[in-house]
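Asker: Structure file start_33.txt, compact mmCIF, C-alpha atoms, is pasted below:
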# COMPACT_ATOMS: atom_id res chain seq x y z
CA MET D 1 52.29 -20.44 14.03
CA GLN D 2 50.71 -17.25 12.69
CA ARG D 3 47.39 -19.03 12.34
CA THR D 4 47.25 -20.05 15.99
CA ALA D 5 47.97 -16.46 17.04
CA VAL D 6 45.06 -15.26 14.94
CA GLN D 7 42.89 -18.00 16.37
CA LYS D 8 43.93 -17.06 19.89
CA GLY D 9 43.18 -13.44 19.12
CA LEU D 10 39.77 -14.32 17.72
CA ALA D 11 39.04 -16.50 20.70
CA LEU D 12 39.44 -13.40 22.86
CA VAL D 13 37.91 -10.88 20.53
CA THR D 14 34.69 -12.74 19.76
CA PRO D 15 33.57 -13.30 23.37
CA ALA D 16 34.63 -9.74 24.18
CA LEU D 17 32.41 -8.37 21.41
CA VAL D 18 29.50 -10.54 22.48
CA PHE D 19 30.06 -9.57 26.10
CA GLY D 20 30.21 -5.90 25.22
CA PHE D 21 26.97 -6.24 23.31
CA LEU D 22 25.32 -8.08 26.18
CA VAL D 23 26.49 -5.58 28.80
CA ALA D 24 25.08 -2.69 26.82
CA THR D 25 21.81 -4.46 26.04
CA GLN D 26 21.37 -5.51 29.63
CA TRP D 27 22.09 -1.98 30.73
CA THR D 28 19.19 -0.54 28.78
CA THR D 29 16.70 -3.25 29.67
CA LEU D 30 17.55 -3.56 33.34
CA ALA D 31 14.70 -4.18 35.75
CA ARG D 32 12.04 -4.84 33.10
CA PRO D 33 9.55 -7.64 33.69
CA ASP D 34 10.00 -10.50 31.22
CA VAL D 35 6.44 -10.30 29.93
CA ALA D 36 6.82 -6.63 29.05
CA ILE D 37 10.11 -7.13 27.23
CA ARG D 38 8.54 -9.57 24.81
CA TYR D 39 6.23 -6.87 23.39
CA ILE D 40 8.52 -3.86 23.51
CA ASP D 41 10.39 -4.43 20.27
CA PRO D 42 7.49 -5.16 17.91
CA LEU D 43 5.42 -2.36 19.44
CA SER D 44 8.16 0.25 19.38
CA ASP D 45 9.01 -0.76 15.80
CA THR D 46 5.37 -0.11 14.88
CA VAL D 47 5.48 3.30 16.58
CA THR D 48 8.64 4.19 14.65
CA ARG D 49 7.10 3.01 11.38
CA LEU D 50 3.88 5.03 11.92
CA GLN D 51 5.92 8.11 12.82
CA GLY D 52 7.82 7.61 9.55
CA ASP D 53 4.51 7.27 7.66
CA GLN D 54 3.38 10.51 9.24
CA ALA D 55 6.48 12.34 8.02
CA ALA D 56 5.85 11.04 4.50
CA LEU D 57 2.15 12.00 4.62
CA ARG D 58 3.05 15.49 5.82
CA GLN D 59 5.40 15.82 2.89
CA GLN D 60 2.65 14.77 0.46
CA LEU D 61 0.29 17.26 2.07
CA ALA D 62 2.87 20.04 1.76
CA SER D 63 3.41 19.19 -1.89
CA ILE D 64 -0.33 19.35 -2.73
CA ARG D 65 -0.69 22.57 -0.74
CA GLY D 66 2.22 23.96 -2.74
CA GLN D 67 0.57 23.00 -6.05
CA LEU D 68 -2.74 24.57 -5.00
CA ASP D 69 -0.93 27.68 -3.89
CA GLN D 70 0.95 27.97 -7.16
CA LEU D 71 -2.21 27.54 -9.18
CA GLN D 72 -3.90 30.17 -7.12
CA ARG D 73 -1.10 32.69 -7.44
CA ALA D 74 -1.07 32.24 -11.20
CA SER D 75 -4.84 32.77 -11.19
CA SER D 76 -4.64 35.80 -8.89
CA THR D 77 -2.55 37.73 -11.39
CA GLN D 78 -5.32 37.18 -13.94
CA SER D 79 -8.27 37.98 -11.70
CA GLY D 80 -8.52 40.98 -9.40
CA ALA D 81 -11.07 39.23 -7.17
CA VAL D 82 -8.77 36.24 -6.59
CA GLY D 83 -5.87 38.63 -6.04
CA ALA D 84 -7.73 40.43 -3.23
CA LEU D 85 -8.60 37.10 -1.57
CA GLN D 86 -5.01 35.95 -1.97
CA SER D 87 -3.59 38.82 0.08
CA GLN D 88 -6.06 38.02 2.89
CA ILE D 89 -5.06 34.36 2.67
CA ASP D 90 -1.37 35.25 2.90
CA ASP D 91 -1.98 37.41 5.96
CA LEU D 92 -4.03 34.72 7.72
CA ARG D 93 -1.44 32.04 6.95
CA VAL D 94 1.08 34.08 8.92
CA GLN D 95 -1.42 34.62 11.77
CA ALA D 96 -2.29 30.93 11.87
CA GLY D 97 1.31 29.66 11.96
CA LEU D 98 1.36 28.21 8.45
CA ALA D 99 4.37 30.28 7.48
CA GLU D 100 7.92 30.04 8.79
CA ALA D 101 8.76 32.73 11.36
CA HIS D 102 12.10 34.46 11.85
CA GLY D 103 13.49 37.01 14.26
CA ASP D 104 14.91 37.63 17.71
CA GLY D 105 13.64 35.52 20.52
CA VAL D 106 14.39 33.13 23.33
CA VAL D 107 15.40 29.47 23.31
CA ILE D 108 14.32 27.43 26.32
CA THR D 109 16.04 24.10 26.94
CA LEU D 110 14.63 21.53 29.33
CA ASP D 111 15.88 18.06 30.17
CA ALA D 112 15.91 15.55 32.98
CA ALA D 113 19.17 15.79 34.89
CA ARG D 114 20.78 12.40 34.36
CA PRO D 115 22.31 10.94 37.47
CA THR D 116 25.77 9.68 36.51
CA GLY D 117 26.24 5.97 36.05
CA SER D 118 22.68 4.94 36.79
CA ALA D 119 20.49 2.87 34.54
CA ALA D 120 17.42 4.10 32.69
CA LYS D 121 14.96 5.82 35.03
CA GLU D 122 11.20 5.58 35.12
CA PRO D 123 9.76 7.59 32.22
CA PHE D 124 8.87 11.10 33.37
CA CYS D 125 6.03 13.17 31.91
CA PHE D 126 7.21 16.65 30.89
CA ALA D 127 3.93 17.75 29.25
CA PRO D 128 2.76 20.06 32.09
CA ASP D 129 6.19 21.73 32.21
CA LEU D 130 6.14 22.26 28.45
CA THR D 131 2.65 23.79 28.50
CA ASP D 132 3.62 26.05 31.43
CA LEU D 133 6.75 27.25 29.59
CA VAL D 134 4.81 27.85 26.39
CA ASN D 135 2.09 29.71 28.30
CA ALA D 136 4.77 31.96 29.85
CA ALA D 137 6.36 32.63 26.45
CA TRP D 138 3.00 33.60 24.87
CA ARG D 139 2.37 35.82 27.87
CA GLY D 140 5.73 37.50 27.24
CA GLY D 141 4.61 38.40 23.74
CA ALA D 142 6.03 35.56 21.63
CA SER D 143 4.62 35.53 18.10
CA ALA D 144 5.70 32.00 17.08
CA ILE D 145 6.73 28.98 19.16
CA ALA D 146 7.96 25.48 18.33
CA ILE D 147 8.73 22.57 20.65
CA ASN D 148 11.52 20.44 19.16
CA ASN D 149 10.72 21.99 15.77
CA GLU D 150 7.00 21.28 15.98
CA ARG D 151 5.15 24.59 15.46
CA LEU D 152 2.34 25.38 17.87
CA VAL D 153 -0.95 26.46 16.29
CA SER D 154 -4.60 26.79 17.35
CA SER D 155 -5.15 23.02 17.16
CA SER D 156 -1.92 22.04 18.94
CA SER D 157 -2.00 19.85 22.00
CA VAL D 158 0.90 18.64 24.10
CA TYR D 159 0.50 15.47 26.14
CA CYS D 160 2.51 12.52 27.26
CA VAL D 161 2.14 8.80 26.94
CA GLY D 162 4.54 7.41 29.51
CA GLY D 163 7.69 9.44 28.96
CA THR D 164 7.03 10.13 25.29
CA ILE D 165 5.66 13.54 24.36
CA VAL D 166 3.10 13.99 21.60
CA VAL D 167 2.94 17.45 19.96
CA ASN D 168 0.60 17.96 17.00
CA GLY D 169 0.25 14.17 16.94
CA SER D 170 3.97 13.73 16.34
CA ILE D 171 6.18 12.06 18.93
CA THR D 172 9.27 13.47 20.57
CA SER D 173 11.10 13.23 23.88
CA ALA D 174 13.59 14.98 26.16
CA PRO D 175 15.84 16.92 25.72
CA PHE D 176 13.44 19.70 24.71
CA SER D 177 14.21 22.89 22.91
CA ILE D 178 11.44 25.48 22.80
CA SER D 179 12.10 28.25 20.28
CA ALA D 180 10.05 31.40 20.82
CA VAL D 181 10.25 34.24 18.31
CA GLY D 182 9.30 37.55 19.89
CA PRO D 183 10.70 40.39 22.03
CA PRO D 184 13.46 38.67 24.08
CA ALA D 185 13.40 41.15 26.98
CA SER D 186 9.69 40.78 27.71
CA ILE D 187 9.68 36.99 27.17
CA LEU D 188 12.65 36.63 29.54
CA ALA D 189 10.97 38.97 32.04
CA VAL D 190 8.01 36.58 32.30
CA LEU D 191 10.17 33.44 32.37
CA ASP D 192 12.42 34.91 35.09
CA ASP D 193 9.49 36.28 37.11
CA GLU D 194 9.51 34.60 40.53
CA ALA D 195 5.76 34.11 40.48
CA GLN D 196 5.96 32.07 37.25
CA LEU D 197 6.99 28.43 36.84
CA ARG D 198 7.59 27.97 40.58
CA ASP D 199 7.42 24.20 40.53
CA LEU D 200 9.78 23.83 37.59
CA LYS D 201 12.31 26.31 39.02
CA LYS D 202 12.29 24.45 42.33
CA ARG D 203 13.16 21.24 40.49
CA ARG D 204 15.92 23.07 38.64
CA ASP D 205 17.33 24.24 41.98
CA ASP D 206 17.09 20.66 43.30
CA ARG D 207 18.99 19.58 40.19
CA SER D 208 16.37 17.11 39.07
CA VAL D 209 15.97 19.00 35.76
CA THR D 210 18.16 21.26 33.68
CA LEU D 211 16.39 24.42 32.51
CA GLN D 212 17.92 27.31 30.60
CA PHE D 213 16.62 30.47 28.97
CA THR D 214 18.87 31.87 26.25
CA ARG D 215 18.38 35.08 24.29
CA ALA D 216 18.69 34.34 20.58
CA THR D 217 19.02 36.43 17.46
CA THR D 218 17.98 35.30 13.98
CA LEU D 219 15.87 32.50 15.39
CA SER D 220 13.87 30.48 12.89
CA VAL D 221 10.66 28.60 13.69
CA PRO D 222 9.23 26.21 11.06
CA ALA D 223 5.71 26.43 9.64
CA TYR D 224 3.01 24.05 10.87
CA ARG D 225 3.02 20.93 8.70
CA GLY D 226 -0.04 19.04 9.91
CA ALA D 227 -3.65 18.86 8.79
CA LEU D 228 -5.98 21.85 9.18
CA ALA D 229 -8.98 19.59 9.73
CA VAL D 230 -11.60 22.36 9.74
CA ARG D 231 -14.84 20.47 9.13
CA GLN D 232 -17.52 21.63 11.55
CA ALA D 233 -16.77 25.32 12.05
CA THR D 234 -17.73 27.97 9.49
CA PRO D 235 -16.86 31.66 9.66
CA ARG D 236 -19.73 34.14 9.90
CA MET I 1 48.79 -9.45 17.22
CA ARG I 2 51.40 -12.11 17.80
CA SER I 3 51.97 -11.17 21.41
CA PRO I 4 49.41 -11.84 24.14
CA ALA I 5 49.46 -8.11 24.89
CA GLY I 6 48.40 -7.41 21.31
CA ALA I 7 45.54 -9.88 21.58
CA LEU I 8 44.43 -8.35 24.86
CA ALA I 9 44.51 -4.87 23.36
CA MET I 10 42.45 -6.14 20.45
CA ALA I 11 39.98 -7.72 22.84
CA ALA I 12 39.66 -4.46 24.76
CA VAL I 13 38.96 -2.58 21.55
CA ALA I 14 36.37 -5.19 20.56
CA LEU I 15 34.68 -4.91 23.94
CA LEU I 16 34.45 -1.15 23.58
CA LEU I 17 33.18 -1.55 20.05
CA GLY I 18 30.44 -3.90 21.21
CA VAL I 19 29.24 -1.34 23.75
CA LEU I 20 29.47 1.49 21.24
CA VAL I 21 27.52 -0.35 18.54
CA VAL I 22 24.59 -0.82 20.89
CA SER I 23 24.69 2.73 22.29
CA GLN I 24 24.85 4.13 18.78
CA PHE I 25 21.98 1.97 17.68
CA ARG I 26 19.91 3.21 20.61
CA SER I 27 20.51 6.90 19.94
CA ARG I 28 19.43 6.92 16.29
CA ASP I 29 16.42 9.10 17.02
CA VAL I 30 15.57 11.42 19.84
CA TYR I 31 12.58 9.34 20.80
CA SER I 32 13.64 5.76 20.05
CA ARG I 33 15.58 5.51 23.31
CA THR I 34 12.48 6.60 25.20
CA LEU I 35 10.34 4.09 23.33
CA GLN I 36 12.48 1.24 24.63
CA GLN I 37 11.63 2.33 28.17
CA GLU I 38 7.87 2.52 27.63
CA THR I 39 5.40 -0.09 28.81
CA PRO I 40 3.45 -2.13 26.21
CA GLU I 41 0.32 -0.18 27.27
CA SER I 42 1.95 3.16 26.49
CA LEU I 43 3.26 1.89 23.17
CA ALA I 44 -0.21 0.61 22.24
CA ARG I 45 -1.68 4.03 23.05
CA LEU I 46 1.00 5.74 20.90
CA ILE I 47 0.16 3.39 18.03
CA ALA I 48 -3.56 4.21 18.30
CA ASP I 49 -2.85 7.96 18.41
CA LEU I 50 -0.42 7.85 15.49
CA ASN I 51 -2.93 5.82 13.49
CA ASP I 52 -5.60 8.45 14.14
CA ARG I 53 -3.29 11.25 13.11
CA ASP I 54 -2.12 9.46 9.97
CA ARG I 55 -5.77 8.87 9.00
CA GLN I 56 -6.50 12.57 9.48
CA LEU I 57 -3.58 13.44 7.20
CA ARG I 58 -4.79 10.95 4.55
CA ASP I 59 -8.29 12.47 4.68
CA GLU I 60 -6.89 15.96 4.18
CA ILE I 61 -4.66 14.80 1.33
CA PHE I 62 -7.70 13.20 -0.31
CA ASP I 63 -9.74 16.42 0.07
CA LEU I 64 -6.95 18.62 -1.24
CA ARG I 65 -6.40 16.38 -4.31
CA LEU I 66 -10.08 16.82 -5.20
CA ARG I 67 -9.85 20.56 -4.66
CA LEU I 68 -6.71 20.74 -6.77
CA GLU I 69 -8.46 18.94 -9.65
CA GLN I 70 -11.49 21.22 -9.37
CA ALA I 71 -9.31 24.33 -9.29
CA GLN I 72 -7.29 23.11 -12.27
CA SER I 73 -10.39 22.56 -14.38
CA ALA I 74 -11.86 25.89 -13.27
CA VAL I 75 -8.70 27.69 -14.33
CA ALA I 76 -8.59 25.74 -17.60
CA GLY I 77 -12.23 26.72 -18.23
CA GLY I 78 -11.27 30.37 -17.76
CA GLN I 79 -13.22 30.79 -14.51
CA GLY I 80 -10.20 31.36 -12.27
CA SER I 81 -9.77 29.68 -8.92
CA ILE I 82 -12.07 31.94 -6.92
CA ALA I 83 -14.00 29.06 -5.36
CA GLU I 84 -10.75 27.52 -4.10
CA ALA I 85 -9.55 30.88 -2.78
CA GLN I 86 -12.82 31.29 -0.87
CA ARG I 87 -12.51 27.80 0.58
CA GLN I 88 -8.95 28.44 1.77
CA LEU I 89 -9.94 31.78 3.22
CA ALA I 90 -12.82 30.24 5.18
CA GLN I 91 -10.57 27.51 6.60
CA LEU I 92 -7.89 30.00 7.61
CA GLN I 93 -10.41 32.35 9.19
CA VAL I 94 -11.38 29.51 11.52
CA PHE I 95 -7.83 28.20 12.06
CA SER I 96 -6.38 31.64 12.87
CA ALA I 97 -9.32 32.50 15.18
CA ARG I 98 -9.62 35.85 13.35
CA SER I 99 -13.34 35.64 12.61
CA ARG I 100 -16.56 34.75 14.37
CA VAL I 101 -17.41 31.11 13.81
CA THR I 102 -20.45 28.95 14.12
CA GLY I 103 -20.94 25.20 14.31
CA PRO I 104 -21.93 22.27 16.51
CA GLY I 105 -19.92 21.17 19.52
CA ILE I 106 -19.99 21.02 23.30
CA ALA I 107 -19.95 23.38 26.27
CA VAL I 108 -18.18 22.62 29.54
CA ARG I 109 -19.73 24.65 32.36
CA ILE I 110 -17.70 25.29 35.48
CA ASP I 111 -19.32 26.78 38.55
CA GLY I 112 -17.03 27.24 41.56
CA ALA I 113 -13.30 27.45 42.23
CA PHE I 114 -11.06 26.75 39.22
CA ASP I 115 -7.58 27.88 38.20
CA GLU I 116 -5.60 28.88 35.13
CA ARG I 117 -3.54 25.68 34.90
CA ALA I 118 -6.68 23.59 34.94
CA LEU I 119 -8.19 25.85 32.26
CA SER I 120 -5.03 25.42 30.18
CA ASP I 121 -5.28 21.63 30.62
CA LEU I 122 -8.95 21.70 29.58
CA VAL I 123 -8.15 23.69 26.41
CA ASN I 124 -5.27 21.31 25.66
CA GLU I 125 -7.61 18.33 26.05
CA LEU I 126 -10.27 19.91 23.81
CA ARG I 127 -7.66 20.60 21.12
CA ASN I 128 -6.45 17.05 21.41
CA ALA I 129 -10.01 15.83 20.85
CA GLY I 130 -10.15 17.85 17.62
CA ALA I 131 -11.83 21.09 18.71
CA GLU I 132 -11.74 23.55 15.79
CA ALA I 133 -12.62 26.71 17.73
CA ILE I 134 -12.67 27.33 21.48
CA ALA I 135 -13.90 30.19 23.68
CA VAL I 136 -13.95 30.79 27.42
CA ASN I 137 -17.18 32.75 28.05
CA ASP I 138 -16.81 35.44 25.36
CA ALA I 139 -13.01 35.27 25.06
CA ARG I 140 -11.97 33.35 21.96
CA VAL I 141 -8.91 31.17 22.42
CA GLY I 142 -6.42 31.61 19.57
CA PRO I 143 -3.13 30.06 18.49
CA ARG I 144 -1.16 32.36 20.84
CA SER I 145 -3.54 32.48 23.79
CA TRP I 146 -2.26 32.36 27.37
CA PHE I 147 -4.00 31.91 30.69
CA GLY I 148 -3.31 33.51 34.04
CA PRO I 149 -4.84 33.99 37.47
CA GLY I 150 -7.09 37.01 37.96
CA SER I 151 -8.31 38.87 41.02
CA GLU I 152 -11.01 37.45 43.31
CA GLY I 153 -11.00 34.00 41.78
CA SER I 154 -11.35 35.17 38.20
CA LEU I 155 -9.19 33.93 35.34
CA VAL I 156 -7.27 35.85 32.73
CA VAL I 157 -7.32 34.96 29.03
CA ASP I 158 -4.86 36.96 26.91
CA GLY I 159 -4.74 39.70 29.54
CA ARG I 160 -8.52 40.01 29.86
CA ALA I 161 -10.29 39.07 33.10
CA VAL I 162 -12.94 36.39 32.61
CA ARG I 163 -15.21 35.84 35.61
CA GLY I 164 -16.86 32.61 36.64
CA PRO I 165 -19.08 30.74 36.26
CA TRP I 166 -17.30 29.80 33.06
CA ALA I 167 -18.57 28.17 29.90
CA VAL I 168 -15.79 26.72 27.79
CA SER I 169 -17.31 26.18 24.34
CA ALA I 170 -15.72 24.09 21.63
CA ILE I 171 -16.84 23.61 18.02
CA GLY I 172 -16.03 20.22 16.54
CA ALA I 173 -17.35 16.69 16.17
CA THR I 174 -19.87 16.73 19.04
CA GLU I 175 -19.74 13.07 20.03
CA VAL I 176 -15.94 12.84 19.87
CA LEU I 177 -15.59 15.94 22.04
CA HIS I 178 -18.27 14.78 24.47
CA VAL I 179 -16.71 11.35 24.95
CA ALA I 180 -13.22 12.86 25.33
CA MET I 181 -14.45 15.06 28.17
CA THR I 182 -16.76 12.66 30.00
CA ARG I 183 -15.05 9.27 29.67
CA THR I 184 -14.17 7.43 32.88
CA GLY I 185 -10.88 8.79 34.18
CA GLY I 186 -11.14 11.68 31.71
CA ILE I 187 -10.35 15.27 32.43
CA VAL I 188 -13.76 16.28 33.82
CA GLY I 189 -13.72 13.25 36.13
CA GLN I 190 -10.29 14.32 37.37
CA PHE I 191 -11.49 17.90 37.90
CA GLU I 192 -14.44 16.61 39.94
CA LEU I 193 -12.01 14.84 42.27
CA ILE I 194 -9.68 17.83 42.60
CA TYR I 195 -12.27 20.66 42.79
CA GLN I 196 -14.84 18.88 44.92
CA ARG I 197 -16.97 21.93 45.59
CA THR I 198 -17.09 23.02 41.96
CA ARG I 199 -19.87 21.86 39.66
CA PHE I 200 -18.96 20.67 36.17
CA SER I 201 -21.36 19.85 33.37
CA VAL I 202 -20.78 18.93 29.75
CA THR I 203 -23.57 19.51 27.22
CA ARG I 204 -23.91 18.81 23.50
CA GLU I 205 -24.66 21.98 21.53
CA THR I 206 -26.25 21.94 18.08
CA SER I 207 -25.14 25.45 17.26
CA LEU I 208 -22.44 27.48 18.97
CA ASP I 209 -21.51 30.98 17.97
CA LEU I 210 -17.99 32.02 19.03
CA PRO I 211 -16.48 35.51 18.72
CA ALA I 212 -13.27 36.39 16.87
CA ILE I 213 -10.11 36.73 18.89
CA ALA I 214 -9.69 40.14 20.53
CA GLY I 215 -6.86 42.49 19.68
CA PRO I 216 -4.94 43.39 16.54
As a first step, turn the structure in this file into structure tokens.
Answerer:
Amino acid sequence: MQRTAVQKGLALVTPALVFGFLVATQWTTLARPDVAIRYIDPLSDTVTRLQGDQAALRQQLASIRGQLDQLQRASSTQSGAVGALQSQIDDLRVQAGLAEAHGDGVVITLDAARPTGSAAKEPFCFAPDLTDLVNAAWRGGASAIAINNERLVSSSSVYCVGGTIVVNGSITSAPFSISAVGPPASILAVLDDEAQLRDLKKRRDDRSVTLQFTRATTLSVPAYRGALAVRQATPR
Amino acid sequence: MRSPAGALAMAAVALLLGVLVVSQFRSRDVYSRTLQQETPESLARLIADLNDRDRQLRDEIFDLRLRLEQAQSAVAGGQGSIAEAQRQLAQLQVFSARSRVTGPGIAVRIDGAFDERALSDLVNELRNAGAEAIAVNDARVGPRSWFGPGSEGSLVVDGRAVRGPWAVSAIGATEVLHVAMTRTGGIVGQFELIYQRTRFSVTRETSLDLPAIAGP
């Protein structure tokens, strides 16, 4: 008697689980052509794997840089000439964005407003909005900026491939958080200036994006973790 | 569990669980949800770009390992790591835009109407193609540079007016930069469609000499 009750229960539970799974899967792949679907999984798995490789390579790079740095510091206490170079190196590392930055600042959040109950939308490219926001923050006197924890340096580019954003060669996507260390009042003054970011503010007022500027204290922006790749240029 | 109501409740929970498992699976990473919505073409482009970037990181790791070995033997031989310190300093002087730099590259000349967002896009595209140092006329572009509109059709770089015609110079691998700018559907092609009365030209330069960034 007990066994049939369990069986009855299972007979309901199993299809319900499968159905739940199917509903959710269908939801996220709605309106995709069959041909495209076939390639999505292997390709996106490769993207995820390469992004993982990149994180590991960056860690290796950081470790070797750390060893070189240690060696150099040990050597700089022994040699006055190396010591003098070392203080210039330390200063330039800060200037170049290779050191973590801390201080007051502004956090900008940007996301697509999600219409309730609708399925996945066409991917939207946020790269121009991100570069406009970053431009405004530099203009307001920011000294260090990161987009979703990716520090912006002299080699940084921000572009999109479909709806995926690539910053410093690393991929990310909405929602975005831009952390800008610098004088909050003057950064906010530029961001809030009517003449700036007109297009983006119009879309915020139309409720197609959410955009917020928040004053922050004790903000922390990570150091740049990518390659320096200086091969052709030499200082004079 | 013995009553039909119990079985129904169980089924409802299982249904919810099924939905939750999938949603959870999809929100593992910030970007993995977006990836599922990309076209195969976009994913293929991401793979190519990530491959490039990973190769660049491997190259730099290889270089730094060699430098580490050299520095270690120099220190062991009592010479100190002055050669390594000089190498790091030179790299950082370029990367921070704090010194004048020289090297091969390209120049993009722009004669006619142009605006600050287009200039920002051009700089972004040059950086993406691996430019190591960039200047707009004699204004060096640094890690914190910003662009704005100036009076009478001029542009502003870091608060300084820069008048046209403009030459945007970039030091880097000449061919890579040249192809990135001039390829079909590339940024210069797009500019030519948008600014129809403006003349654009891209030239290979064997030796560019760019100033240090202005200011403190």
Asker: For a cut-off of 6 Å around (-24.4, 24.1, 16.7), file coordinates, pick out all residues using all atoms listed in the file and list them as a PyMOL selection string.
Answerer: chain I and resi 103-104+205-208
Asker: Which range 36-79 of chain I residues have any atom within 8 Å of an atom of range 157-180 of chain D, and for each, what is the nearest pair of atoms with distance in Å to one decimal, counting all atoms listed in the file, rows sorted by chain and number, as JSON lines?
Answerer:
{"residue": "I:Glu38", "atom": "CA", "partner": "D:Gly162", "partner_atom": "CA", "distance": 6.2}
{"residue": "I:Thr39", "atom": "CA", "partner": "D:Gly162", "partner_atom": "CA", "distance": 7.6}
{"residue": "I:Ser42", "atom": "CA", "partner": "D:Val161", "partner_atom": "CA", "distance": 5.7}
{"residue": "I:Leu43", "atom": "CA", "partner": "D:Val161", "partner_atom": "CA", "distance": 8.0}
{"residue": "I:Arg45", "atom": "CA", "partner": "D:Val161", "partner_atom": "CA", "distance": 7.2}
{"residue": "I:Leu46", "atom": "CA", "partner": "D:Val161", "partner_atom": "CA", "distance": 6.9}
{"residue": "I:Asp49", "atom": "CA", "partner": "D:Gly169", "partner_atom": "CA", "distance": 7.1}
{"residue": "I:Leu50", "atom": "CA", "partner": "D:Gly169", "partner_atom": "CA", "distance": 6.5}
{"residue": "I:Arg53", "atom": "CA", "partner": "D:Gly169", "partner_atom": "CA", "distance": 6.0}
Asker: Using only C-alpha atoms, which residues sit within 6 Å of range 47-49 of chain D once same-chain residues fewer than 3 positions away are excluded, as a count of residues only?
Answerer: 3
Asker: To one decimal in Å, tell me the separation between CA of Pro183 in chain D and CA of Gly105 in chain D.
Answerer: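 If I compute the distance from CA of Pro183 in chain D to CA of Gly105 in chain D, I get 5.9 Å.
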Asker: Between CA of Ser154 in chain D and CA of Ser96 in chain I, measure the distance and give it in Å to one decimal.
Answerer: 6.8 Å
Asker: Take range 153-166 of chain D, bring it up to N, CA and C atoms, and give me the output as a short mmCIF file (atom, residue, chain, number, x, y, z; two decimals), in the coordinates of the input.
Answerer:
data_model
loop_
_atom_site.label_atom_id
_atom_site.label_comp_id
_atom_site.auth_asym_id
_atom_site.auth_seq_id
_atom_site.Cartn_x
_atom_site.Cartn_y
_atom_site.Cartn_z
N VAL D 153 0.12 25.73 16.96
CA VAL D 153 -0.95 26.46 16.29
C VAL D 153 -2.24 26.30 17.10
N SER D 154 -3.37 26.79 16.55
CA SER D 154 -4.60 26.79 17.35
C SER D 154 -5.12 25.38 17.63
N SER D 155 -4.67 24.38 16.89
CA SER D 155 -5.15 23.02 17.16
C SER D 155 -4.13 22.20 17.94
N SER D 156 -3.01 22.82 18.33
CA SER D 156 -1.92 22.04 18.94
C SER D 156 -2.24 21.59 20.35
N SER D 157 -1.92 20.33 20.62
CA SER D 157 -2.00 19.85 22.00
C SER D 157 -0.67 19.20 22.33
N VAL D 158 -0.34 19.23 23.62
CA VAL D 158 0.90 18.64 24.10
C VAL D 158 0.53 17.67 25.22
N TYR D 159 0.80 16.41 25.05
CA TYR D 159 0.50 15.47 26.14
C TYR D 159 1.53 14.37 26.15
N CYS D 160 1.53 13.60 27.24
CA CYS D 160 2.51 12.52 27.26
C CYS D 160 1.85 11.17 27.37
N VAL D 161 2.52 10.20 26.80
CA VAL D 161 2.14 8.80 26.94
C VAL D 161 3.38 8.16 27.54
N GLY D 162 3.33 7.83 28.81
CA GLY D 162 4.54 7.41 29.51
C GLY D 162 5.51 8.58 29.51
N GLY D 163 6.71 8.36 29.01
CA GLY D 163 7.69 9.44 28.96
C GLY D 163 7.82 10.06 27.59
N THR D 164 6.98 9.61 26.65
CA THR D 164 7.03 10.13 25.29
C THR D 164 6.05 11.29 25.16
N ILE D 165 6.50 12.36 24.52
CA ILE D 165 5.66 13.54 24.36
C ILE D 165 5.05 13.54 22.96
N VAL D 166 3.77 13.88 22.88
CA VAL D 166 3.10 13.99 21.60
C VAL D 166 2.72 15.46 21.38
#
